[in-house]
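Structure data (compact mmCIF, C-alpha atoms) from model_14.txt:
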# COMPACT_ATOMS: atom_id res chain seq x y z
CA ALA A 23 -24.40 -13.61 -1.64
CA HIS A 24 -21.02 -12.15 -2.49
CA ALA A 25 -22.56 -10.01 -5.24
CA ARG A 26 -25.03 -8.56 -2.70
CA PHE A 27 -22.15 -7.94 -0.29
CA ARG A 28 -20.23 -6.04 -2.98
CA ARG A 29 -23.25 -3.95 -3.92
CA ALA A 30 -23.86 -3.04 -0.29
CA LEU A 31 -20.27 -1.81 0.06
CA ILE A 32 -20.22 0.10 -3.21
CA GLU A 33 -23.64 1.71 -2.85
CA THR A 34 -23.33 2.91 0.74
CA LYS A 35 -24.06 6.61 1.21
CA ASN A 36 -22.82 6.68 4.82
CA PRO A 37 -19.60 8.79 5.05
CA ALA A 38 -18.39 6.91 8.14
CA GLU A 39 -18.81 3.56 6.37
CA ARG A 40 -17.00 4.87 3.30
CA ARG A 41 -14.05 5.94 5.44
CA LYS A 42 -14.06 2.55 7.16
CA PHE A 43 -14.08 0.65 3.85
CA TRP A 44 -11.27 2.84 2.51
CA LYS A 45 -9.21 2.01 5.60
CA TRP A 46 -9.92 -1.70 5.25
CA CYS A 47 -8.88 -1.61 1.59
CA ALA A 48 -5.65 0.22 2.45
CA GLU A 49 -4.81 -2.36 5.11
CA ASP A 50 -5.83 -5.51 3.24
CA ARG A 51 -5.18 -5.88 -0.47
CA LEU A 52 -7.25 -9.08 -0.63
CA PHE A 53 -10.26 -7.27 0.82
CA TYR A 54 -9.72 -4.54 -1.78
CA LEU A 55 -9.56 -6.99 -4.69
CA ASN A 56 -12.56 -8.99 -3.55
CA SER A 57 -14.72 -5.96 -2.76
CA PHE A 58 -13.92 -3.05 -5.08
CA VAL A 59 -12.10 -4.44 -8.13
CA TYR A 60 -13.78 -5.47 -11.39
CA ILE A 61 -11.72 -6.90 -14.23
CA PHE A 62 -12.49 -7.42 -17.91
CA LYS A 63 -13.63 -10.85 -19.09
CA ALA A 64 -12.73 -11.12 -22.77
CA LYS A 65 -13.71 -14.72 -23.52
CA GLY A 66 -17.31 -15.55 -24.39
CA ASP A 67 -19.54 -12.56 -23.70
CA PRO A 68 -17.14 -9.66 -22.88
CA MET A 69 -18.06 -7.83 -19.69
CA PRO A 70 -16.72 -6.56 -16.37
CA VAL A 71 -16.65 -9.27 -13.72
CA ALA A 72 -15.92 -9.10 -10.02
CA PHE A 73 -12.37 -10.12 -9.21
CA ASN A 74 -13.08 -12.85 -6.67
CA THR A 75 -9.71 -14.42 -5.99
CA TYR A 76 -9.21 -18.17 -5.81
CA PRO A 77 -7.23 -19.74 -2.94
CA PHE A 78 -4.15 -20.29 -5.13
CA GLN A 79 -4.23 -16.57 -6.10
CA ASP A 80 -4.47 -15.62 -2.42
CA GLU A 81 -1.33 -17.63 -1.72
CA VAL A 82 0.53 -16.08 -4.66
CA LEU A 83 -0.43 -12.56 -3.57
CA LEU A 84 0.84 -13.21 -0.06
CA ILE A 85 4.19 -14.41 -1.45
CA MET A 86 4.40 -11.30 -3.64
CA HIS A 87 3.62 -9.12 -0.62
CA LYS A 88 6.29 -10.81 1.47
CA CYS A 89 8.89 -10.29 -1.26
CA MET A 90 7.97 -6.62 -1.63
CA TYR A 91 7.54 -5.67 2.05
CA ASP A 92 8.44 -8.29 4.62
CA GLY A 93 12.04 -9.41 4.17
CA ASP A 94 13.20 -9.10 7.78
CA ALA A 95 16.44 -10.98 7.15
CA ARG A 96 17.30 -8.74 4.20
CA ARG A 97 16.64 -5.32 5.77
CA THR A 98 19.38 -2.73 5.41
CA GLU A 99 19.51 1.05 5.51
CA ASP A 100 19.36 1.09 1.71
CA ASN A 101 16.68 -1.61 1.58
CA PRO A 102 14.38 -0.78 4.52
CA TYR A 103 11.66 -3.29 3.56
CA GLY A 104 14.10 -6.10 2.87
CA GLN A 105 12.73 -6.37 -0.64
CA GLU A 106 13.69 -9.13 -3.05
CA GLY A 107 12.70 -9.95 -6.58
CA PHE A 108 10.54 -12.84 -7.70
CA ARG A 109 9.75 -14.76 -10.85
CA VAL A 110 6.31 -16.09 -11.75
CA LYS A 111 6.13 -18.94 -14.27
CA LYS A 112 2.51 -19.29 -15.23
CA ASN A 113 0.08 -20.64 -17.75
CA ARG A 114 -2.31 -18.36 -19.57
CA TYR A 115 -5.70 -17.43 -18.10
CA MET A 116 -4.51 -17.75 -14.51
CA GLY A 117 -5.31 -14.12 -13.59
CA ILE A 118 -1.72 -13.45 -12.51
CA THR A 119 -1.21 -10.31 -14.59
CA TRP A 120 -4.30 -8.75 -13.00
CA LEU A 121 -3.19 -10.04 -9.60
CA TYR A 122 0.23 -8.38 -9.67
CA PHE A 123 -0.47 -5.17 -11.57
CA ILE A 124 -3.68 -4.44 -9.62
CA GLY A 125 -3.17 -6.29 -6.33
CA MET A 126 0.40 -5.06 -5.82
CA VAL A 127 1.15 -2.09 -8.09
CA GLU A 128 -2.21 -0.30 -8.28
CA HIS A 129 -2.93 -0.97 -4.61
CA GLY A 130 0.33 0.66 -3.56
CA TRP A 131 -0.27 3.58 -5.94
CA HIS A 132 -3.78 3.95 -4.54
CA PHE A 133 -3.24 3.77 -0.79
CA GLU A 134 0.42 4.22 0.14
CA ARG A 135 2.85 7.13 -0.07
CA ASN A 136 6.17 7.69 -1.84
CA ARG A 137 5.58 4.93 -4.37
CA HIS A 138 6.92 5.07 -7.92
CA TYR A 139 6.46 1.97 -10.06
CA LEU A 140 7.78 0.99 -13.48
CA ILE A 141 5.82 -1.56 -15.51
CA GLY A 142 6.87 -3.02 -18.83
CA SER A 143 6.27 -5.51 -21.57
CA ARG A 144 7.67 -6.50 -24.96
CA LYS A 145 6.19 -3.59 -26.93
CA LYS A 146 4.75 -0.18 -26.15
CA ASP A 147 1.37 -1.29 -27.53
CA GLU A 148 1.25 -3.99 -24.87
CA VAL A 149 1.92 -1.47 -22.10
CA ASP A 150 -0.47 1.33 -23.10
CA ARG A 151 -3.09 2.04 -25.77
CA GLY A 152 -2.29 2.92 -29.34
CA GLY A 153 -1.56 0.70 -32.31
CA ARG A 154 -2.03 -3.05 -32.67
CA ALA A 155 -1.11 -5.18 -29.69
CA GLU A 156 -0.55 -8.93 -29.84
CA ASN A 157 0.22 -11.58 -27.28
CA GLU A 158 3.23 -13.87 -27.52
CA ASP A 159 1.30 -16.20 -29.88
CA GLY A 160 0.44 -13.43 -32.33
CA GLU A 161 -3.21 -13.13 -31.30
CA GLN A 162 -4.54 -9.58 -31.36
CA LEU A 163 -5.21 -8.09 -27.93
CA GLY A 164 -8.19 -5.96 -26.99
CA GLU A 165 -7.97 -2.57 -25.33
CA TRP A 166 -8.18 -3.86 -21.77
CA ALA A 167 -5.53 -6.55 -22.24
CA ARG A 168 -2.76 -3.92 -22.13
CA LEU A 169 -1.17 -3.21 -18.79
CA MET A 170 -2.06 0.42 -18.11
CA PRO A 171 -5.61 0.16 -19.55
CA LYS A 172 -6.14 -2.71 -17.07
CA ILE A 173 -5.63 -0.13 -14.33
CA ASP A 174 -7.94 2.30 -16.15
CA PHE A 175 -10.61 -0.39 -16.31
CA VAL A 176 -10.46 -0.95 -12.57
CA HIS A 177 -10.78 2.80 -11.89
CA LEU A 178 -13.70 3.19 -14.31
CA HIS A 179 -15.65 0.55 -12.40
CA GLN A 180 -15.05 1.91 -8.91
CA PRO A 181 -17.33 4.33 -7.07
CA GLU A 182 -16.02 7.89 -7.11
CA TRP A 183 -15.48 7.89 -3.34
CA MET A 184 -13.14 4.88 -3.60
CA ARG A 185 -10.86 6.62 -6.10
CA PRO A 186 -8.05 8.89 -4.89
CA PRO A 187 -9.42 12.39 -4.14
CA GLY A 188 -9.17 14.53 -7.26
CA TYR A 189 -8.52 11.64 -9.61
CA VAL A 190 -10.69 11.21 -12.70
CA PRO A 191 -10.00 8.02 -14.69
CA MET A 192 -8.44 8.45 -18.13
CA ARG A 193 -8.33 12.26 -17.88
CA GLN A 194 -5.34 14.57 -18.07
CA PRO A 195 -3.25 15.72 -16.31
CA TRP A 196 -3.28 12.61 -14.12
CA ARG A 197 -3.54 10.07 -16.93
CA MET A 198 -0.97 10.67 -19.65
CA ASP A 199 0.59 8.41 -22.24
CA MET A 200 2.51 5.69 -20.37
CA SER A 201 1.87 7.22 -16.93
CA ILE A 202 -0.76 7.39 -14.20
CA LYS A 203 -0.30 9.90 -11.38
CA ASN A 204 -2.19 9.95 -8.08
CA PRO A 205 -3.09 13.59 -7.25
CA ALA A 206 -3.71 12.79 -3.58
CA ASN A 207 -0.29 11.38 -2.71
CA GLY A 208 1.94 12.01 -5.74
CA ASN A 209 2.44 8.31 -6.47
CA LEU A 210 3.29 7.43 -10.04
CA ILE A 211 3.05 4.41 -12.35
CA VAL A 212 5.10 4.74 -15.52
CA GLY A 213 5.28 2.34 -18.42
CA GLU A 214 8.11 1.44 -20.74
CA SER A 215 8.64 -1.05 -23.54
CA ALA A 216 11.60 -3.40 -23.74
CA ASN A 217 14.84 -1.64 -24.64
CA LEU A 218 18.49 -1.82 -23.66
CA ASP A 219 18.11 1.12 -21.25
CA PHE A 220 14.89 -0.11 -19.63
CA GLY A 221 14.56 1.58 -16.23
CA ARG A 222 18.22 2.52 -16.17
CA SER A 223 17.83 6.22 -15.33
CA GLY A 224 15.14 6.01 -12.64
CA ARG A 225 14.70 4.71 -9.12
CA TYR A 226 11.52 2.80 -8.32
CA PHE A 227 9.84 1.11 -5.40
CA ALA A 228 9.11 -1.84 -7.68
CA ILE A 229 9.40 -2.92 -11.30
CA GLY A 230 7.05 -5.42 -12.93
CA PHE A 231 7.63 -6.92 -16.38
CA ASP A 232 4.99 -9.01 -18.15
CA GLU A 233 5.65 -11.82 -20.67
CA PHE A 234 9.39 -11.55 -20.14
CA ALA A 235 10.16 -14.90 -21.78
CA ALA A 236 8.84 -13.63 -25.14
CA THR A 237 10.83 -10.38 -24.97
CA GLU A 238 13.63 -9.54 -27.34
CA LYS A 239 16.67 -7.95 -25.71
CA ALA A 240 15.59 -9.57 -22.44
CA GLU A 241 19.16 -9.94 -21.19
CA GLY A 242 19.76 -6.21 -21.76
CA VAL A 243 16.48 -5.30 -20.05
CA HIS A 244 17.40 -7.42 -17.05
CA ALA A 245 20.86 -5.88 -16.79
CA ALA A 246 19.71 -2.27 -17.31
CA CYS A 247 17.26 -2.21 -14.40
CA SER A 248 19.17 -4.49 -12.03
CA SER A 249 20.13 -1.61 -9.71
CA THR A 250 16.97 0.45 -10.21
CA THR A 251 14.94 -1.27 -7.49
CA PHE A 252 15.20 -4.07 -4.95
CA SER A 253 11.81 -5.44 -6.05
CA HIS A 254 11.68 -6.93 -9.54
CA ALA A 255 8.75 -9.05 -10.71
CA TRP A 256 9.44 -11.16 -13.81
CA ILE A 257 6.14 -12.66 -14.98
CA SER A 258 5.68 -14.88 -18.02
CA THR A 259 4.52 -18.04 -19.62
CA PRO A 260 7.67 -20.08 -20.37
CA ARG A 261 9.28 -20.18 -23.82
CA GLY A 262 11.95 -22.83 -23.40
CA PRO A 263 15.17 -23.25 -21.40
CA ALA A 264 17.39 -20.76 -23.28
CA THR A 265 15.55 -17.51 -22.49
CA GLN A 266 16.59 -14.93 -19.93
CA PHE A 267 13.38 -15.74 -18.09
CA ALA A 268 14.53 -19.35 -17.78
CA MET A 269 17.94 -18.17 -16.58
CA ILE A 270 16.27 -16.14 -13.82
CA GLY A 271 14.41 -19.33 -12.91
CA ARG A 272 17.75 -20.88 -12.08
CA SER A 273 18.77 -17.98 -9.83
CA SER A 274 18.32 -17.55 -6.09
CA ILE A 275 15.32 -15.18 -6.19
CA GLN A 276 11.87 -16.31 -5.08
CA GLN A 277 10.31 -18.69 -7.61
CA ILE A 278 6.53 -18.91 -8.01
CA ASN A 279 5.69 -21.79 -10.36
CA LEU A 280 2.05 -22.18 -11.37
CA ASP A 281 0.46 -24.95 -13.44
CA TRP A 282 -2.89 -24.86 -15.20
CA TRP A 283 -4.48 -27.44 -12.89
CA MET A 284 -4.12 -25.07 -9.91
CA HIS A 285 -6.96 -22.96 -11.31
CA PRO A 286 -10.29 -24.53 -10.23
CA LEU A 287 -12.02 -23.73 -13.53
CA HIS A 288 -9.26 -25.38 -15.58
CA ALA A 289 -9.14 -28.40 -13.29
CA GLU A 290 -12.90 -28.99 -13.27
CA GLY A 291 -13.66 -32.65 -13.78
CA ILE A 292 -10.18 -33.89 -12.95
CA GLU A 293 -10.07 -36.96 -10.72
CA LEU A 294 -7.10 -37.36 -8.41
CA LYS A 295 -6.01 -40.93 -7.84
CA GLU A 296 -3.58 -42.21 -5.26
CA ASN A 297 -0.47 -43.74 -6.73
Please re-express this file's structure in structure tokens.
Amino acid sequence: AHARFRRALIETKNPAERRKFWKWCAEDRLFYLNSFVYIFKAKGDPMPVAFNTYPFQDEVLLIMHKCMYDGDARRTEDNPYGQEGFRVKKNRYMGITWLYFIGMVEHGWHFERNRHYLIGSRKKDEVDRGGRAENEDGEQLGEWARLMPKIDFVHLHQPEWMRPPGYVPMRQPWRMDMSIKNPANGNLIVGESANLDFGRSGRYFAIGFDEFAATEKAEGVHAACSSTTFSHAWISTPRGPATQFAMIGRSSIQQINLDWWMHPLHAEGIELKEN
């Protein structure tokens, strides 16, 4: 039923309906993800699959949204949204990288105005295409596992009318190495690998860093971009108590701690017993 619903939305030829769906997507990031976003399934038979969020992902996205937009108690003239950073401690195959970098970053790039984002990871090859990319366990990554190609993948699998006017996926001048520019509103996503001057020279609406616990120079990265934005997202699987990621976990920023059993597919067959 949901697949038929998606097809009906995507295949509509009615201009009024297209405008309505665009408006709904702009207003509701969960509607956008569950209606017009396809992600890459690498395990088993590789293919694009509809990003149908699970309840635990819905809750995580709402917390991320609140940190990025809805901090009433923290609002100041310099910080008009009352933004605060957050840390996500996750297990692998939880969909959290897709959730943040598409549900928060790409959505803002797509539908809002005056949004510049910086996204990063341990190595350049894990941020954008080119060279050999590996995860923190040394396993080779495919093309769509990198951060910016994830965004490309979403755009390639959207109808033309849902993309920003004038934007063609993976084509210059809008898609350059380590950057994606929105021609309709001027929004920009730039990528950077871990270094001691990460994000130091810019000013961004938000910064997201993936697999931070496995990053060398993590303390320098954290210090360099500390004043670059009010909204930092530190996302990683844990790597022990002595990492900078673990140190951030002992700070006062919002903590989002996820365990494998929260994902319905991982928890299938588990029986809960009362103690």
Exercise for review: Record the distance separating CA of Arg261 (chain A) and CA of Leu121 (chain A), expressed in Å with one decimal.
Suggested key: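 CA of Leu121 (chain A) lies 21.5 Å from CA of Arg261 (chain A).
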Check your understanding: With distances taken over only C-alpha atoms, which of A:Ile229, A:Ala48, A:Ile85, A:Val59 is nearest to Thr250 (chain A)?
Key -> A:Ile229
Compile the contact shell of Met284 (chain A) as an mmCIF file with C-alpha atoms, in the frame of the given file: residues with an atom at most 10 Å away, counting all atoms listed in the file, same-chain residues fewer than 5 positions apart removed.
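Listed below is the output, part_26.cif:
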data_model
loop_
_atom_site.group_PDB
_atom_site.id
_atom_site.type_symbol
_atom_site.label_atom_id
_atom_site.label_comp_id
_atom_site.auth_asym_id
_atom_site.auth_seq_id
_atom_site.Cartn_x
_atom_site.Cartn_y
_atom_site.Cartn_z
ATOM 1 C CA TYR A 76 -9.210 -18.170 -5.810
ATOM 2 C CA PRO A 77 -7.230 -19.740 -2.940
ATOM 3 C CA PHE A 78 -4.150 -20.290 -5.130
ATOM 4 C CA GLN A 79 -4.230 -16.570 -6.100
ATOM 5 C CA ASN A 113 0.080 -20.640 -17.750
ATOM 6 C CA MET A 116 -4.510 -17.750 -14.510
ATOM 7 C CA ALA A 289 -9.140 -28.400 -13.290
#
Check your understanding: Which is closest to His254 (chain A) among A:Ser223, A:Asn74, A:Gln105, A:Thr237, if we use all atoms listed in the file?
Key -> A:Gln105
Point to revise | Residue among A:Glu241, A:Ser253, A:Trp44, A:Trp131 lying closest to Lys88 (chain A), counting all atoms listed in the file | key: A:Ser253
Review point. Given the choices A:Tyr91, A:Phe53, A:Phe231, A:Phe175, which gets closest to Leu140 (chain A) if the distance is worked out from all atoms listed in the file?
Key: A:Phe231
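Take CA of Asp199 (chain A) and CA of Ile32 (chain A): the distance between them is 29.4 Å.
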Exercise for review: Skip Asp100 (chain A) itself and residues of its chain fewer than 6 positions away, then list as JSON, numbers by chain all residues within 12 Å of it, counting only C-alpha atoms.
Suggested key: {"A": [227, 249, 251, 252]}
Exercise for review: Take the point (9.1, -2.3, -8.2) as written in the file and pick out every residue within 12 Å of it, counting all atoms listed in the file; give the list as a ChimeraX atom specification.
Suggested key: /A:86-87,89-91,105-108,122-123,126-128,130-131,137-142,210-213,221,224-231,247-256
Exercise for review: List the neighbours of Met170 (chain A) out to 8 Å using all atoms listed in the file; skip same-chain residues closer than 6 positions along the sequence, and give me the result as a PyMOL selection string.
Suggested key: chain A and resi 149-151+200-201+213
Only C-alpha atoms, please: the residues just picked out, written as a PDB file, in the coordinates of the input.
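Saved file again06.pdb follows:
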ATOM      1  CA  VAL A 149       1.920  -1.470 -22.100  1.00  0.00           C
ATOM      2  CA  ASP A 150      -0.470   1.330 -23.100  1.00  0.00           C
ATOM      3  CA  ARG A 151      -3.090   2.040 -25.770  1.00  0.00           C
ATOM      4  CA  MET A 200       2.510   5.690 -20.370  1.00  0.00           C
ATOM      5  CA  SER A 201       1.870   7.220 -16.930  1.00  0.00           C
ATOM      6  CA  GLY A 213       5.280   2.340 -18.420  1.00  0.00           C
TER       7      GLY A 213
END
Exercise for review: Name all residues at most 10 Å from Phe267 (chain A) (count all atoms listed in the file; drop same-chain ones fewer than 6 positions away) and give them as a PyMOL selection string.
Suggested key: chain A and resi 109-111+233-237+240-241+244+256-261
Point to revise | Nearest to Gly125 (chain A) by atom-to-atom distance, counting only C-alpha atoms, from A:Leu52, A:Met192, A:Leu280, A:Ala64 | key: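 Of the candidates, the smallest distance to Gly125 (chain A) is held by A:Leu52.
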Exercise for review: Just give me the gap between CA of Val82 (chain A) and CA of Lys63 (chain A) in Å, one decimal is fine.
Suggested key: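 Answer for the CA of Val82 (chain A) to CA of Lys63 (chain A) separation: 20.9 Å.
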Review point. Which of these residues is nearest to His132 (chain A), using all atoms listed in the file: A:Tyr189, A:Phe220, A:Tyr60, A:Trp283?
Key: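 For His132 (chain A), the nearest of the given residues is A:Tyr189.
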Would you fill out region 106-119 of chain A with N, CA, C and O atoms and return it as a compact mmCIF listing (two decimals), in the frame of the given file?
# COMPACT_ATOMS: atom_id res chain seq x y z
N GLU A 106 12.98 -8.26 -2.11
CA GLU A 106 13.69 -9.13 -3.05
C GLU A 106 12.82 -9.32 -4.27
O GLU A 106 11.60 -9.13 -4.24
N GLY A 107 13.46 -9.70 -5.36
CA GLY A 107 12.70 -9.95 -6.58
C GLY A 107 12.04 -11.31 -6.57
O GLY A 107 12.32 -12.16 -5.72
N PHE A 108 11.15 -11.53 -7.53
CA PHE A 108 10.54 -12.84 -7.70
C PHE A 108 10.20 -13.07 -9.16
O PHE A 108 10.09 -12.14 -9.96
N ARG A 109 10.06 -14.32 -9.49
CA ARG A 109 9.75 -14.76 -10.85
C ARG A 109 8.48 -15.60 -10.79
O ARG A 109 8.36 -16.49 -9.95
N VAL A 110 7.54 -15.31 -11.69
CA VAL A 110 6.31 -16.09 -11.75
C VAL A 110 6.23 -16.80 -13.09
O VAL A 110 6.12 -16.16 -14.14
N LYS A 111 6.33 -18.12 -13.07
CA LYS A 111 6.13 -18.94 -14.27
C LYS A 111 4.70 -19.43 -14.25
O LYS A 111 4.28 -20.13 -13.33
N LYS A 112 3.95 -19.05 -15.26
CA LYS A 112 2.51 -19.29 -15.23
C LYS A 112 2.02 -19.85 -16.55
O LYS A 112 2.72 -19.82 -17.57
N ASN A 113 0.82 -20.35 -16.53
CA ASN A 113 0.08 -20.64 -17.75
C ASN A 113 -0.84 -19.46 -18.05
O ASN A 113 -1.06 -18.59 -17.20
N ARG A 114 -1.39 -19.44 -19.22
CA ARG A 114 -2.31 -18.36 -19.57
C ARG A 114 -3.65 -18.55 -18.86
O ARG A 114 -4.01 -19.64 -18.43
N TYR A 115 -4.37 -17.45 -18.72
CA TYR A 115 -5.70 -17.43 -18.10
C TYR A 115 -5.67 -17.87 -16.64
O TYR A 115 -6.56 -18.56 -16.15
N MET A 116 -4.61 -17.47 -15.94
CA MET A 116 -4.51 -17.75 -14.51
C MET A 116 -4.83 -16.51 -13.66
O MET A 116 -4.87 -16.58 -12.44
N GLY A 117 -4.99 -15.35 -14.31
CA GLY A 117 -5.31 -14.12 -13.59
C GLY A 117 -4.11 -13.49 -12.91
O GLY A 117 -4.27 -12.58 -12.09
N ILE A 118 -2.89 -13.92 -13.24
CA ILE A 118 -1.72 -13.45 -12.51
C ILE A 118 -1.32 -12.03 -12.91
O ILE A 118 -0.84 -11.24 -12.08
N THR A 119 -1.52 -11.68 -14.18
CA THR A 119 -1.21 -10.31 -14.59
C THR A 119 -2.10 -9.32 -13.85
O THR A 119 -1.63 -8.30 -13.33
